[in-house]
Protein chains: 4
Amino acid sequence: MCRWLGYHGSPIAPRELVHDTAHSLIEQSRRAAPDMATANGDGVGLGWYGGDPEPALFRSESPAWGDANLREVAGAVRSGLFLAHVRAATGTPVQQTNCHPFRYRSWLFVHNGYIADFARIRRELLLSVAPELFGNIEGSTDSELMFHLALTFGLEGDPIGGLERMAGFVEAVGRAAGIAEPLQMTVGVTDGERLYAARYASGPVVNTLHVSEEVGALRALYPADERWRHFAEDSRAVVSEPLADLPGLWHEVPAGTALTVQAGEDEEVPFRPTQP
Amino acid sequence: MCRWLGYHGSPIAPRELVHDTAHSLIEQSRRAAPDMATANGDGVGLGWYGGDPEPALFRSESPAWGDANLREVAGAVRSGLFLAHVRAATGTPVQQTNCHPFRYRSWLFVHNGYIADFARIRRELLLSVAPELFGNIEGSTDSELMFHLALTFGLEGDPIGGLERMAGFVEAVGRAAGIAEPLQMTVGVTDGERLYAARYASGPVVNTLHVSEEVGALRALYPADERWRHFAEDSRAVVSEPLADLPGLWHEVPAGTALTVQAGEDEEVPFRPTQP
Amino acid sequence: MCRWLGYHGSPIAPRELVHDTAHSLIEQSRRAAPDMATANGDGVGLGWYGGDPEPALFRSESPAWGDANLREVAGAVRSGLFLAHVRAATGTPVQQTNCHPFRYRSWLFVHNGYIADFARIRRELLLSVAPELFGNIEGSTDSELMFHLALTFGLEGDPIGGLERMAGFVEAVGRAAGIAEPLQMTVGVTDGERLYAARYASGPVVNTLHVSEEVGALRALYPADERWRHFAEDSRAVVSEPLADLPGLWHEVPAGTALTVQAGEDEEVPFRPTQP
Amino acid sequence: MCRWLGYHGSPIAPRELVHDTAHSLIEQSRRAAPDMATANGDGVGLGWYGGDPEPALFRSESPAWGDANLREVAGAVRSGLFLAHVRAATGTPVQQTNCHPFRYRSWLFVHNGYIADFARIRRELLLSVAPELFGNIEGSTDSELMFHLALTFGLEGDPIGGLERMAGFVEAVGRAAGIAEPLQMTVGVTDGERLYAARYASGPVVNTLHVSEEVGALRALYPADERWRHFAEDSRAVVSEPLADLPGLWHEVPAGTALTVQAGEDEEVPFRPTQP
């Protein structure tokens with residue numbers, strides 16, 4: 001099981017959330033948790049928007065906790081929108097091109113979960129990616145393929161719809177191959193302006209997804225920290241696992257829900273896979 | 001341009017050829033040569049047969065010259081049949097799964113050359129791989145794909161025929177896409193018993209391929225070396241570039257030729273791409 | 001906390017113990033255990049004796065569970081004496097030169113534990129290494145330094161005595177610097193003939209060390225496995241943590257004890273640090 | 001032989017000089033040159049000053065040309081003062097902690113050259129580093145040790161003097177050990193405000209060092225590039241090898257010279273090693 005976080009708000013050093021908090025993503029990658037038998041030690045990635053429309057990517061196959069370059073970069077840059085991810089491989093090689101986030105033009109994508117029995121349906125899914133997108137696939141994971149299927153099915157014009165069609169397609173192909181519960185996912189997607197997230201699984205067990213309540217809550221996390229004073233009120237973090245134990249800080253996104261974090265009000269709508 | 005070597009004969013430590021000779025593969029990977037503007041620093045691999053039918057693989061994305069593990073392993077094992085390769089990437093990522101040799105069951109494959117304009121025809125070539133072989137493709141190179149096309153077209157039952165059909169197919173697909181000279185290759189293939197090699201290109205410039213004359217020549221290389229005394233007479237090395245300067249040691253395999261190194265006489269036959 | 005295993009007996013593929021058993025070293029490196037908050041994901045090493053007096057080394061800074069080369073090499077070689085180690089870094093960088101085993105001539109060394117407050121006394125310890133051994137230190141760990149101090153204090157001629165003088169020296173330097181409990185260690189050392197191990201700590205909490213009872217016990221582990229039939233009766237494994245749950249298989253080496261595994265009877269003697 | 005570049009001026013993306021120019025540092029690392037038999041493929045580093053007094057570091061043991069993260073980071077950050085380095089190892093391991101730049105507090109250091117017969121005098125040089133600086137040494141290179149000797153001899157208060165005393169000390173120790181020409185160096189050092197460089201060797205052959213004439217010259221390099229219009233007049237690049245072929249762009253710093261690049265006029269003074 002992987003873990004990820006997304007941030008949307010006033011520019012900060014990603015290290016503040018990736019490394020520095022209690023239960024930071026890095027600490028989560030290293031430590032055993034009640035729900036996790038093994039470490040997330042199979043790579044790490046950070047994608048962030050700076051001045052350019054296209055986000056920058058840092059990805060490493062090293063365990064997140066020991067990656068000195070990640071620590072440096074996450075501390076040196078400032079970004080108002082980023083996605084970070086720690087990986088626990090589920091069958092595909094540990095290599096940089098299999099690390100999240102995945103990027104296409106101005107888009108980034110992270111995933112926690114899996115396509116069940118992926119090896120059996122990978123070829124069919126791969127052939128369904130639009131030929132003009134095919135060359136952007138560099139690695140061999142189910143996650144990168146899910147991203148390119150969502151792009152194929154219209155993610156850029158209709159993000160949540162694209163994800164729903166991707167999920168519906170994966171489920172249809174999986175079930176045709178006799179896979180009872182083909183999909184398990186929380187995903188984070190962004191175009192550099194809005195941060196979209198969805199929580200869904202084909203079966204009854206669904207990976208968790210949380211969103212921070214509001215910047216006041218972040219301030220409560222860091223009462224002594226000057227930095228939070230200048231934060232905009234609508235800064236938000238979206239995470240697969242809570243980063244700190246403060247009661248009231250995190251709101252659990254319900255299973256079967258898509259979330260949009262943006263300037264102004266967040267939106268939550270039902271996530272309904274459909275066949276494209 | 002990559003470089004590779006194959007060895008067939010009495011068991012030796014691969015390091016004797018990979019590291020220790022004048023103009024060894026490692027030295028070739030590091031040093032500039034008249035024909036090579038850049039180093040072969042994008043990974044290295046060694047596949048060898050020991051006691052088991054399936055060969056063992058060591059592959060690393062580090063430059064060959066600095067890889068301490070390669071040096072250790074190549075010195076510690078003994079093998080009568082092995083393939084080694086140093087990589088200069090031609091557009092695909094530097095990662096372990098893109099390093100040669102590639103393996104399928106008891107087979108190993110190395111390649112020096114390229115499919116021209118590979119990104120443009122990669123998808124079509126990939127879709128032509130037999131579905132039951134598809135899951136064995138781990139990386140993203142043209143070379144690994146060539147191996148799996150050859151397997152698709154019967155390499156296991158008819159090695160040189162499988163390579164000819166692969167070459168013919170790549171040329172047909174490439175030319176249909178308007179690529180004038182689609183294929184450049186020397187390849188080495190083995191099933192653990194025989195070592196097959198082919199030298200071919202669609203155009204007039206063809207990468208080189210050499211085979212050592214006989215073990216007497218190797219003894220001449222190492223007059224002071226006790227090890228060569230017990231070598232079988234039919235030990236052979238096949239190389240993309242000569243490993244030493246001794247006149248008379250290396251025989252150049254003509255362009256458009258396939259070579260079989262085996263117990264008994266070697267065989268050279270014309271290599272004629274055909275459409276499968 | 002690191003973990004390690006040593007094997008002395010009939011030649012086997014190290015993979016049988018490193019990867020294949022229940023609770024294998026690799027599984028231990030990955031999974032959370034009651035006594036371990038974090039994974040041993042900071043590198044792995046295997047040192048083995050084949051035909052040469054000098055052992056071969058494979059060391060990698062990747063997590064053990066994802067290292068394809070380790071799996072290949074540990075399956076391809078055969079050895080009657082080897083040491084393997086998985087690392088959890090305690091303050092020094094994750095890099096190949098900090099991975100165990102460490103080697104000097106025909107000797108190998110592994111360590112689980114630490115020198116407390118190492119940064120504070122590292123310089124003094126380093127200056128105490130014999131100048132002619134100094135150049136053999138490649139990394140920056142406390143463990144490698146302990147090895148070279150033991151060599152300085154006569155390990156080669158008197159292995160257990162060398163370890164005792166090393167331990168006594170580290171404790172003296174540490175206590176002079178105000179460190180209450182300077183040393184925590186189980187170590188494994190071998191010259192290619194005998195396997196020495198010691199279990200000791202300056203304070204009351206001492207890392208564990210176990211030795212397998214006899215080859216009959218290993219046969220009980222693998223009742224269906226033909227390989228164990230030809231094992232010599234005195235084959236032994238020494239491990240920081242048991243590799244399987246079979247009651248009666250493992251004997252716990254008492255704290256403050258040094259163990260010698262050799263052809264014939266094993267020996268256990270008290271381990272008594274002394275000032276050199 | 002390594003290669004390095006330093007930049008002092010208006011904030012730019014380091015990628016403009018590291019990757020994008022004709023004869024960029026990356027291209028230099030990859031291609032053979034008349035003066036260089038082997039590639040600079042043994043690691044790469046970039047240290048840059050952003051908003052914080054302490055510079056950020058990215059260092060990788062991969063060849064510079066294939067490092068995707070370096071390319072991303074060098075394109076995403078903006079800095080008015082940075083040092084970049086490509087490494088060709090001269091006897092010490094290829095690992096991140098051996099990559100330049102080296103950092104101490106707000107200082108960065110890069111080096112091209114070597115201490116002759118380093119293994120023989122390393123211990124003595126290491127013992128001469130101030131104990132309070134000792135813990136900052138993470139790797140095993142001659143270069144990192146030169147930096148810490150310069151710090152020991154007062155680099156922070158008197159940069160050029162500190163370098164001169166370091167050079168004098170290395171020469172004295174080397175000559176006492178019978179080494180005829182102990183030192184070969186061009187070094188780049190910065191405190192985040194000024195960029196210091198020195199060119200010196202104990203013998204008659206001295207590695208090269210160049211400084212760009214003025215920003216007008218850079219504009220000539222990129223006539224079509226809007227970015228250069230807003231450059232401050234005193235932007236400068238200091239390089240071990242010229243990055244482009246334009247006549248008149250580069251001024252060769254004479255052997256035995258120290259250079260200071262700063263706001264206002266640059267300064268060149270004789271570099272005279274002295275015993276500390």
# chains A, B, ... in the order shown; residues from 1 in each chain; ligands from 1
>>> select_by_dssp(residues="region 8-179 of chain A", states="strand (DSSP E or B)", output="ChimeraX atom specification")
/A:8-12,31,33,36,38,44-48,56-60,79-86,102-104,107-115
>>> residues_around(residues="Ala255 (chain B)", least_positions_apart="5", cutoff="9 Å", atoms="only C-alpha atoms", output="short mmCIF file (atom, residue, chain, number, x, y, z; two decimals) with C-alpha atoms, in the first residue's frame")
data_model
loop_
_atom_site.label_atom_id
_atom_site.label_comp_id
_atom_site.auth_asym_id
_atom_site.auth_seq_id
_atom_site.Cartn_x
_atom_site.Cartn_y
_atom_site.Cartn_z
CA ALA B 198 23.89 -12.01 -36.27
CA ARG B 199 25.17 -8.89 -37.98
CA TYR B 200 22.75 -6.93 -40.07
CA ALA B 201 21.49 -3.44 -40.93
CA VAL B 206 26.55 -2.09 -40.36
CA ASN B 207 27.83 -2.36 -36.79
CA THR B 208 30.81 -4.65 -36.46
CA LEU B 209 30.97 -8.20 -35.10
CA PRO B 270 23.68 -15.63 -44.69
CA PHE B 271 21.24 -13.62 -42.57
#
>>> interface_residues(of="chain D", to="chain A", cutoff="10 Å", atoms="only C-alpha atoms", output="PDB file with all heavy atoms, in the first residue's frame")
ATOM      1  N   TRP D  48      23.102  25.338  -4.705  1.00  0.00           N
ATOM      2  CA  TRP D  48      22.594  26.656  -5.077  1.00  0.00           C
ATOM      3  C   TRP D  48      22.031  27.405  -3.874  1.00  0.00           C
ATOM      4  O   TRP D  48      21.563  26.801  -2.925  1.00  0.00           O
ATOM      5  CB  TRP D  48      21.549  26.531  -6.179  1.00  0.00           C
ATOM      6  CG  TRP D  48      20.215  25.996  -5.753  1.00  0.00           C
ATOM      7  CD1 TRP D  48      19.099  26.711  -5.441  1.00  0.00           C
ATOM      8  CD2 TRP D  48      19.839  24.610  -5.605  1.00  0.00           C
ATOM      9  NE1 TRP D  48      18.060  25.863  -5.115  1.00  0.00           N
ATOM     10  CE2 TRP D  48      18.487  24.572  -5.208  1.00  0.00           C
ATOM     11  CE3 TRP D  48      20.521  23.393  -5.774  1.00  0.00           C
ATOM     12  CZ2 TRP D  48      17.787  23.376  -4.968  1.00  0.00           C
ATOM     13  CZ3 TRP D  48      19.832  22.204  -5.526  1.00  0.00           C
ATOM     14  CH2 TRP D  48      18.494  22.205  -5.137  1.00  0.00           C
ATOM     15  N   TYR D  49      22.089  28.721  -3.970  1.00  0.00           N
ATOM     16  CA  TYR D  49      21.520  29.591  -2.955  1.00  0.00           C
ATOM     17  C   TYR D  49      20.167  30.090  -3.435  1.00  0.00           C
ATOM     18  O   TYR D  49      20.065  30.608  -4.559  1.00  0.00           O
ATOM     19  CB  TYR D  49      22.439  30.776  -2.673  1.00  0.00           C
ATOM     20  CG  TYR D  49      23.767  30.349  -2.110  1.00  0.00           C
ATOM     21  CD1 TYR D  49      24.800  29.947  -2.957  1.00  0.00           C
ATOM     22  CD2 TYR D  49      23.977  30.293  -0.735  1.00  0.00           C
ATOM     23  CE1 TYR D  49      26.012  29.511  -2.450  1.00  0.00           C
ATOM     24  CE2 TYR D  49      25.201  29.858  -0.220  1.00  0.00           C
ATOM     25  CZ  TYR D  49      26.207  29.476  -1.086  1.00  0.00           C
ATOM     26  OH  TYR D  49      27.412  29.041  -0.580  1.00  0.00           O
ATOM     27  N   GLY D  50      19.153  29.870  -2.603  1.00  0.00           N
ATOM     28  CA  GLY D  50      17.829  30.390  -2.904  1.00  0.00           C
ATOM     29  C   GLY D  50      17.506  31.445  -1.865  1.00  0.00           C
ATOM     30  O   GLY D  50      18.253  32.404  -1.713  1.00  0.00           O
ATOM     31  N   GLY D  51      16.451  31.267  -1.119  1.00  0.00           N
ATOM     32  CA  GLY D  51      16.085  32.247  -0.121  1.00  0.00           C
ATOM     33  C   GLY D  51      16.852  32.110   1.184  1.00  0.00           C
ATOM     34  O   GLY D  51      16.989  33.088   1.923  1.00  0.00           O
ATOM     35  N   ASP D  52      17.382  30.923   1.476  1.00  0.00           N
ATOM     36  CA  ASP D  52      18.007  30.687   2.775  1.00  0.00           C
ATOM     37  C   ASP D  52      19.506  30.955   2.736  1.00  0.00           C
ATOM     38  O   ASP D  52      20.129  30.836   1.687  1.00  0.00           O
ATOM     39  CB  ASP D  52      17.782  29.230   3.201  1.00  0.00           C
ATOM     40  CG  ASP D  52      16.305  28.884   3.241  1.00  0.00           C
ATOM     41  OD1 ASP D  52      15.509  29.712   3.719  1.00  0.00           O
ATOM     42  OD2 ASP D  52      15.945  27.790   2.752  1.00  0.00           O
ATOM     43  N   GLU D  54      21.758  29.049   4.044  1.00  0.00           N
ATOM     44  CA  GLU D  54      22.412  27.779   3.734  1.00  0.00           C
ATOM     45  C   GLU D  54      21.996  27.328   2.334  1.00  0.00           C
ATOM     46  O   GLU D  54      20.818  27.321   1.997  1.00  0.00           O
ATOM     47  CB  GLU D  54      22.037  26.710   4.762  1.00  0.00           C
ATOM     48  CG  GLU D  54      22.727  25.392   4.489  1.00  0.00           C
ATOM     49  CD  GLU D  54      22.648  24.412   5.646  1.00  0.00           C
ATOM     50  OE1 GLU D  54      23.144  24.743   6.754  1.00  0.00           O
ATOM     51  OE2 GLU D  54      22.109  23.321   5.437  1.00  0.00           O
ATOM     52  N   PRO D  55      22.972  26.971   1.522  1.00  0.00           N
ATOM     53  CA  PRO D  55      22.628  26.546   0.164  1.00  0.00           C
ATOM     54  C   PRO D  55      21.974  25.155   0.173  1.00  0.00           C
ATOM     55  O   PRO D  55      22.152  24.387   1.112  1.00  0.00           O
ATOM     56  CB  PRO D  55      23.990  26.492  -0.532  1.00  0.00           C
ATOM     57  CG  PRO D  55      24.964  26.233   0.559  1.00  0.00           C
ATOM     58  CD  PRO D  55      24.417  26.945   1.772  1.00  0.00           C
ATOM     59  N   ALA D  56      21.252  24.866  -0.876  1.00  0.00           N
ATOM     60  CA  ALA D  56      20.681  23.533  -1.074  1.00  0.00           C
ATOM     61  C   ALA D  56      21.627  22.717  -1.934  1.00  0.00           C
ATOM     62  O   ALA D  56      22.377  23.256  -2.744  1.00  0.00           O
ATOM     63  CB  ALA D  56      19.317  23.644  -1.756  1.00  0.00           C
ATOM     64  N   LEU D  57      21.589  21.397  -1.759  1.00  0.00           N
ATOM     65  CA  LEU D  57      22.491  20.492  -2.474  1.00  0.00           C
ATOM     66  C   LEU D  57      21.697  19.406  -3.185  1.00  0.00           C
ATOM     67  O   LEU D  57      20.840  18.769  -2.584  1.00  0.00           O
ATOM     68  CB  LEU D  57      23.412  19.777  -1.493  1.00  0.00           C
ATOM     69  CG  LEU D  57      24.763  20.345  -1.147  1.00  0.00           C
ATOM     70  CD1 LEU D  57      25.550  19.297  -0.365  1.00  0.00           C
ATOM     71  CD2 LEU D  57      25.549  20.752  -2.389  1.00  0.00           C
ATOM     72  N   PHE D  58      22.023  19.178  -4.431  1.00  0.00           N
ATOM     73  CA  PHE D  58      21.570  17.975  -5.118  1.00  0.00           C
ATOM     74  C   PHE D  58      22.826  17.250  -5.574  1.00  0.00           C
ATOM     75  O   PHE D  58      23.640  17.812  -6.314  1.00  0.00           O
ATOM     76  CB  PHE D  58      20.697  18.325  -6.329  1.00  0.00           C
ATOM     77  CG  PHE D  58      20.296  17.105  -7.113  1.00  0.00           C
ATOM     78  CD1 PHE D  58      19.093  16.486  -6.862  1.00  0.00           C
ATOM     79  CD2 PHE D  58      21.140  16.558  -8.068  1.00  0.00           C
ATOM     80  CE1 PHE D  58      18.726  15.340  -7.551  1.00  0.00           C
ATOM     81  CE2 PHE D  58      20.790  15.411  -8.759  1.00  0.00           C
ATOM     82  CZ  PHE D  58      19.580  14.806  -8.499  1.00  0.00           C
ATOM     83  N   ARG D  59      22.990  16.008  -5.140  1.00  0.00           N
ATOM     84  CA  ARG D  59      24.163  15.232  -5.538  1.00  0.00           C
ATOM     85  C   ARG D  59      23.725  13.827  -5.914  1.00  0.00           C
ATOM     86  O   ARG D  59      22.889  13.224  -5.244  1.00  0.00           O
ATOM     87  CB  ARG D  59      25.187  15.178  -4.404  1.00  0.00           C
ATOM     88  CG  ARG D  59      25.649  16.564  -3.993  1.00  0.00           C
ATOM     89  CD  ARG D  59      26.850  16.495  -3.068  1.00  0.00           C
ATOM     90  NE  ARG D  59      26.535  15.843  -1.813  1.00  0.00           N
ATOM     91  CZ  ARG D  59      27.445  15.601  -0.854  1.00  0.00           C
ATOM     92  NH1 ARG D  59      28.711  15.968  -1.034  1.00  0.00           N
ATOM     93  NH2 ARG D  59      27.099  15.017   0.262  1.00  0.00           N
ATOM     94  N   SER D  60      24.297  13.318  -6.968  1.00  0.00           N
ATOM     95  CA  SER D  60      23.896  12.001  -7.449  1.00  0.00           C
ATOM     96  C   SER D  60      25.100  11.254  -7.974  1.00  0.00           C
ATOM     97  O   SER D  60      25.978  11.830  -8.616  1.00  0.00           O
ATOM     98  CB  SER D  60      22.868  12.164  -8.566  1.00  0.00           C
ATOM     99  OG  SER D  60      22.746  10.973  -9.310  1.00  0.00           O
ATOM    100  N   ALA D  68      17.647  12.353 -14.548  1.00  0.00           N
ATOM    101  CA  ALA D  68      16.409  13.089 -14.793  1.00  0.00           C
ATOM    102  C   ALA D  68      16.116  14.076 -13.672  1.00  0.00           C
ATOM    103  O   ALA D  68      15.634  15.186 -13.923  1.00  0.00           O
ATOM    104  CB  ALA D  68      15.243  12.107 -14.955  1.00  0.00           C
ATOM    105  N   ASN D  69      16.426  13.697 -12.436  1.00  0.00           N
ATOM    106  CA  ASN D  69      16.132  14.602 -11.320  1.00  0.00           C
ATOM    107  C   ASN D  69      16.970  15.873 -11.391  1.00  0.00           C
ATOM    108  O   ASN D  69      16.486  16.964 -11.105  1.00  0.00           O
ATOM    109  CB  ASN D  69      16.375  13.890  -9.989  1.00  0.00           C
ATOM    110  CG  ASN D  69      15.303  12.861  -9.693  1.00  0.00           C
ATOM    111  OD1 ASN D  69      14.137  13.042 -10.051  1.00  0.00           O
ATOM    112  ND2 ASN D  69      15.697  11.769  -9.060  1.00  0.00           N
ATOM    113  N   LEU D  70      18.245  15.728 -11.757  1.00  0.00           N
ATOM    114  CA  LEU D  70      19.091  16.911 -11.892  1.00  0.00           C
ATOM    115  C   LEU D  70      18.496  17.872 -12.913  1.00  0.00           C
ATOM    116  O   LEU D  70      18.417  19.085 -12.690  1.00  0.00           O
ATOM    117  CB  LEU D  70      20.493  16.513 -12.344  1.00  0.00           C
ATOM    118  CG  LEU D  70      21.413  17.681 -12.659  1.00  0.00           C
ATOM    119  CD1 LEU D  70      21.750  18.461 -11.408  1.00  0.00           C
ATOM    120  CD2 LEU D  70      22.684  17.210 -13.344  1.00  0.00           C
ATOM    121  N   ARG D  71      18.067  17.317 -14.028  1.00  0.00           N
ATOM    122  CA  ARG D  71      17.504  18.144 -15.081  1.00  0.00           C
ATOM    123  C   ARG D  71      16.251  18.891 -14.600  1.00  0.00           C
ATOM    124  O   ARG D  71      16.071  20.081 -14.884  1.00  0.00           O
ATOM    125  CB  ARG D  71      17.157  17.253 -16.286  1.00  0.00           C
ATOM    126  CG  ARG D  71      16.746  18.024 -17.481  1.00  0.00           C
ATOM    127  CD  ARG D  71      16.635  17.201 -18.758  1.00  0.00           C
ATOM    128  NE  ARG D  71      16.173  18.104 -19.783  1.00  0.00           N
ATOM    129  CZ  ARG D  71      16.953  18.928 -20.453  1.00  0.00           C
ATOM    130  NH1 ARG D  71      18.249  18.907 -20.257  1.00  0.00           N
ATOM    131  NH2 ARG D  71      16.441  19.775 -21.347  1.00  0.00           N
ATOM    132  N   GLU D  72      15.418  18.180 -13.849  1.00  0.00           N
ATOM    133  CA  GLU D  72      14.200  18.804 -13.323  1.00  0.00           C
ATOM    134  C   GLU D  72      14.527  19.923 -12.334  1.00  0.00           C
ATOM    135  O   GLU D  72      14.016  21.037 -12.437  1.00  0.00           O
ATOM    136  CB  GLU D  72      13.338  17.748 -12.611  1.00  0.00           C
ATOM    137  CG  GLU D  72      12.771  16.686 -13.542  1.00  0.00           C
ATOM    138  CD  GLU D  72      11.579  17.185 -14.349  1.00  0.00           C
ATOM    139  OE1 GLU D  72      10.800  17.995 -13.821  1.00  0.00           O
ATOM    140  OE2 GLU D  72      11.451  16.776 -15.530  1.00  0.00           O
ATOM    141  N   VAL D  73      15.381  19.586 -11.379  1.00  0.00           N
ATOM    142  CA  VAL D  73      15.686  20.545 -10.323  1.00  0.00           C
ATOM    143  C   VAL D  73      16.417  21.751 -10.897  1.00  0.00           C
ATOM    144  O   VAL D  73      16.102  22.901 -10.568  1.00  0.00           O
ATOM    145  CB  VAL D  73      16.512  19.864  -9.205  1.00  0.00           C
ATOM    146  CG1 VAL D  73      17.028  20.892  -8.208  1.00  0.00           C
ATOM    147  CG2 VAL D  73      15.668  18.803  -8.508  1.00  0.00           C
ATOM    148  N   ALA D  74      17.375  21.502 -11.785  1.00  0.00           N
ATOM    149  CA  ALA D  74      18.150  22.603 -12.368  1.00  0.00           C
ATOM    150  C   ALA D  74      17.274  23.504 -13.233  1.00  0.00           C
ATOM    151  O   ALA D  74      17.637  24.646 -13.512  1.00  0.00           O
ATOM    152  CB  ALA D  74      19.325  22.055 -13.182  1.00  0.00           C
ATOM    153  N   GLY D  75      16.136  22.981 -13.673  1.00  0.00           N
ATOM    154  CA  GLY D  75      15.221  23.807 -14.454  1.00  0.00           C
ATOM    155  C   GLY D  75      14.163  24.493 -13.604  1.00  0.00           C
ATOM    156  O   GLY D  75      13.607  25.514 -14.007  1.00  0.00           O
ATOM    157  N   ALA D  76      13.905  23.946 -12.432  1.00  0.00           N
ATOM    158  CA  ALA D  76      12.796  24.458 -11.623  1.00  0.00           C
ATOM    159  C   ALA D  76      13.210  25.559 -10.660  1.00  0.00           C
ATOM    160  O   ALA D  76      12.401  26.412 -10.306  1.00  0.00           O
ATOM    161  CB  ALA D  76      12.144  23.312 -10.848  1.00  0.00           C
ATOM    162  N   VAL D  77      14.454  25.544 -10.212  1.00  0.00           N
ATOM    163  CA  VAL D  77      14.851  26.550  -9.229  1.00  0.00           C
ATOM    164  C   VAL D  77      15.471  27.757  -9.938  1.00  0.00           C
ATOM    165  O   VAL D  77      15.844  27.687 -11.107  1.00  0.00           O
ATOM    166  CB  VAL D  77      15.836  25.973  -8.176  1.00  0.00           C
ATOM    167  CG1 VAL D  77      15.220  24.746  -7.497  1.00  0.00           C
ATOM    168  CG2 VAL D  77      17.181  25.624  -8.798  1.00  0.00           C
ATOM    169  N   ARG D  78      15.535  28.860  -9.231  1.00  0.00           N
ATOM    170  CA  ARG D  78      16.195  30.064  -9.732  1.00  0.00           C
ATOM    171  C   ARG D  78      17.233  30.457  -8.703  1.00  0.00           C
ATOM    172  O   ARG D  78      16.948  30.464  -7.510  1.00  0.00           O
ATOM    173  CB  ARG D  78      15.193  31.218  -9.883  1.00  0.00           C
ATOM    174  CG  ARG D  78      14.088  30.983 -10.909  1.00  0.00           C
ATOM    175  CD  ARG D  78      14.623  30.940 -12.341  1.00  0.00           C
ATOM    176  NE  ARG D  78      13.553  30.673 -13.303  1.00  0.00           N
ATOM    177  CZ  ARG D  78      13.102  29.462 -13.617  1.00  0.00           C
ATOM    178  NH1 ARG D  78      13.623  28.381 -13.048  1.00  0.00           N
ATOM    179  NH2 ARG D  78      12.144  29.317 -14.506  1.00  0.00           N
ATOM    180  N   GLN D  96      27.269   9.157  -3.437  1.00  0.00           N
ATOM    181  CA  GLN D  96      26.741  10.509  -3.286  1.00  0.00           C
ATOM    182  C   GLN D  96      27.607  11.365  -2.384  1.00  0.00           C
ATOM    183  O   GLN D  96      27.844  12.542  -2.656  1.00  0.00           O
ATOM    184  CB  GLN D  96      25.337  10.379  -2.708  1.00  0.00           C
ATOM    185  CG  GLN D  96      24.430  11.531  -3.015  1.00  0.00           C
ATOM    186  CD  GLN D  96      23.004  11.190  -2.576  1.00  0.00           C
ATOM    187  OE1 GLN D  96      22.394  10.234  -3.051  1.00  0.00           O
ATOM    188  NE2 GLN D  96      22.477  11.977  -1.676  1.00  0.00           N
TER     189      GLN D  96
END
>>> residues_around(residues="region 99-104 of chain B", least_positions_apart="3", cutoff="9 Å", atoms="only C-alpha atoms", output="PyMOL selection string")
chain B and resi 42-47+54-61+83-87+94-96+107-111+133+136-137+139+141+143-144+147-148+151
>>> atom_distance(atom1="CA of Gly113 (chain D)", atom2="CA of Val170 (chain D)")
13.2 Å
>>> closest_residue(among="D:Ser24, D:Thr186, D:Thr90, D:Thr260", to="Ala116 (chain D)", atoms="only C-alpha atoms")
D:Thr90
>>> residues_around(residues="Phe153 (chain C)", least_positions_apart="2", cutoff="7 Å", atoms="only C-alpha atoms", output="CSV table (one decimal) with N, CA and C atoms, in the first residue's frame")
chain,number,residue,atom,x,y,z
C,149,LEU,N,39.3,-1.7,14.3
C,149,LEU,CA,40.0,-1.7,15.6
C,149,LEU,C,40.3,-3.2,16.0
C,150,ALA,N,39.4,-4.1,15.8
C,150,ALA,CA,39.6,-5.5,16.1
C,150,ALA,C,40.8,-6.0,15.4
C,151,LEU,N,40.9,-5.6,14.1
C,151,LEU,CA,42.1,-6.0,13.3
C,151,LEU,C,43.4,-5.4,13.9
C,155,LEU,N,42.9,-9.3,15.7
C,155,LEU,CA,41.9,-10.2,15.3
C,155,LEU,C,42.4,-11.4,14.5
C,162,GLY,N,40.8,-10.5,19.8
C,162,GLY,CA,40.8,-9.2,19.1
C,162,GLY,C,39.4,-8.5,19.3
C,165,ARG,N,39.3,-7.0,22.9
C,165,ARG,CA,40.1,-5.8,23.0
C,165,ARG,C,39.5,-4.6,22.3
C,166,MET,N,38.9,-4.9,21.2
C,166,MET,CA,38.1,-3.9,20.5
C,166,MET,C,37.0,-3.3,21.4
C,276,PRO,N,43.1,-2.9,25.5
C,276,PRO,CA,44.3,-3.5,24.8
C,276,PRO,C,45.6,-2.8,25.3
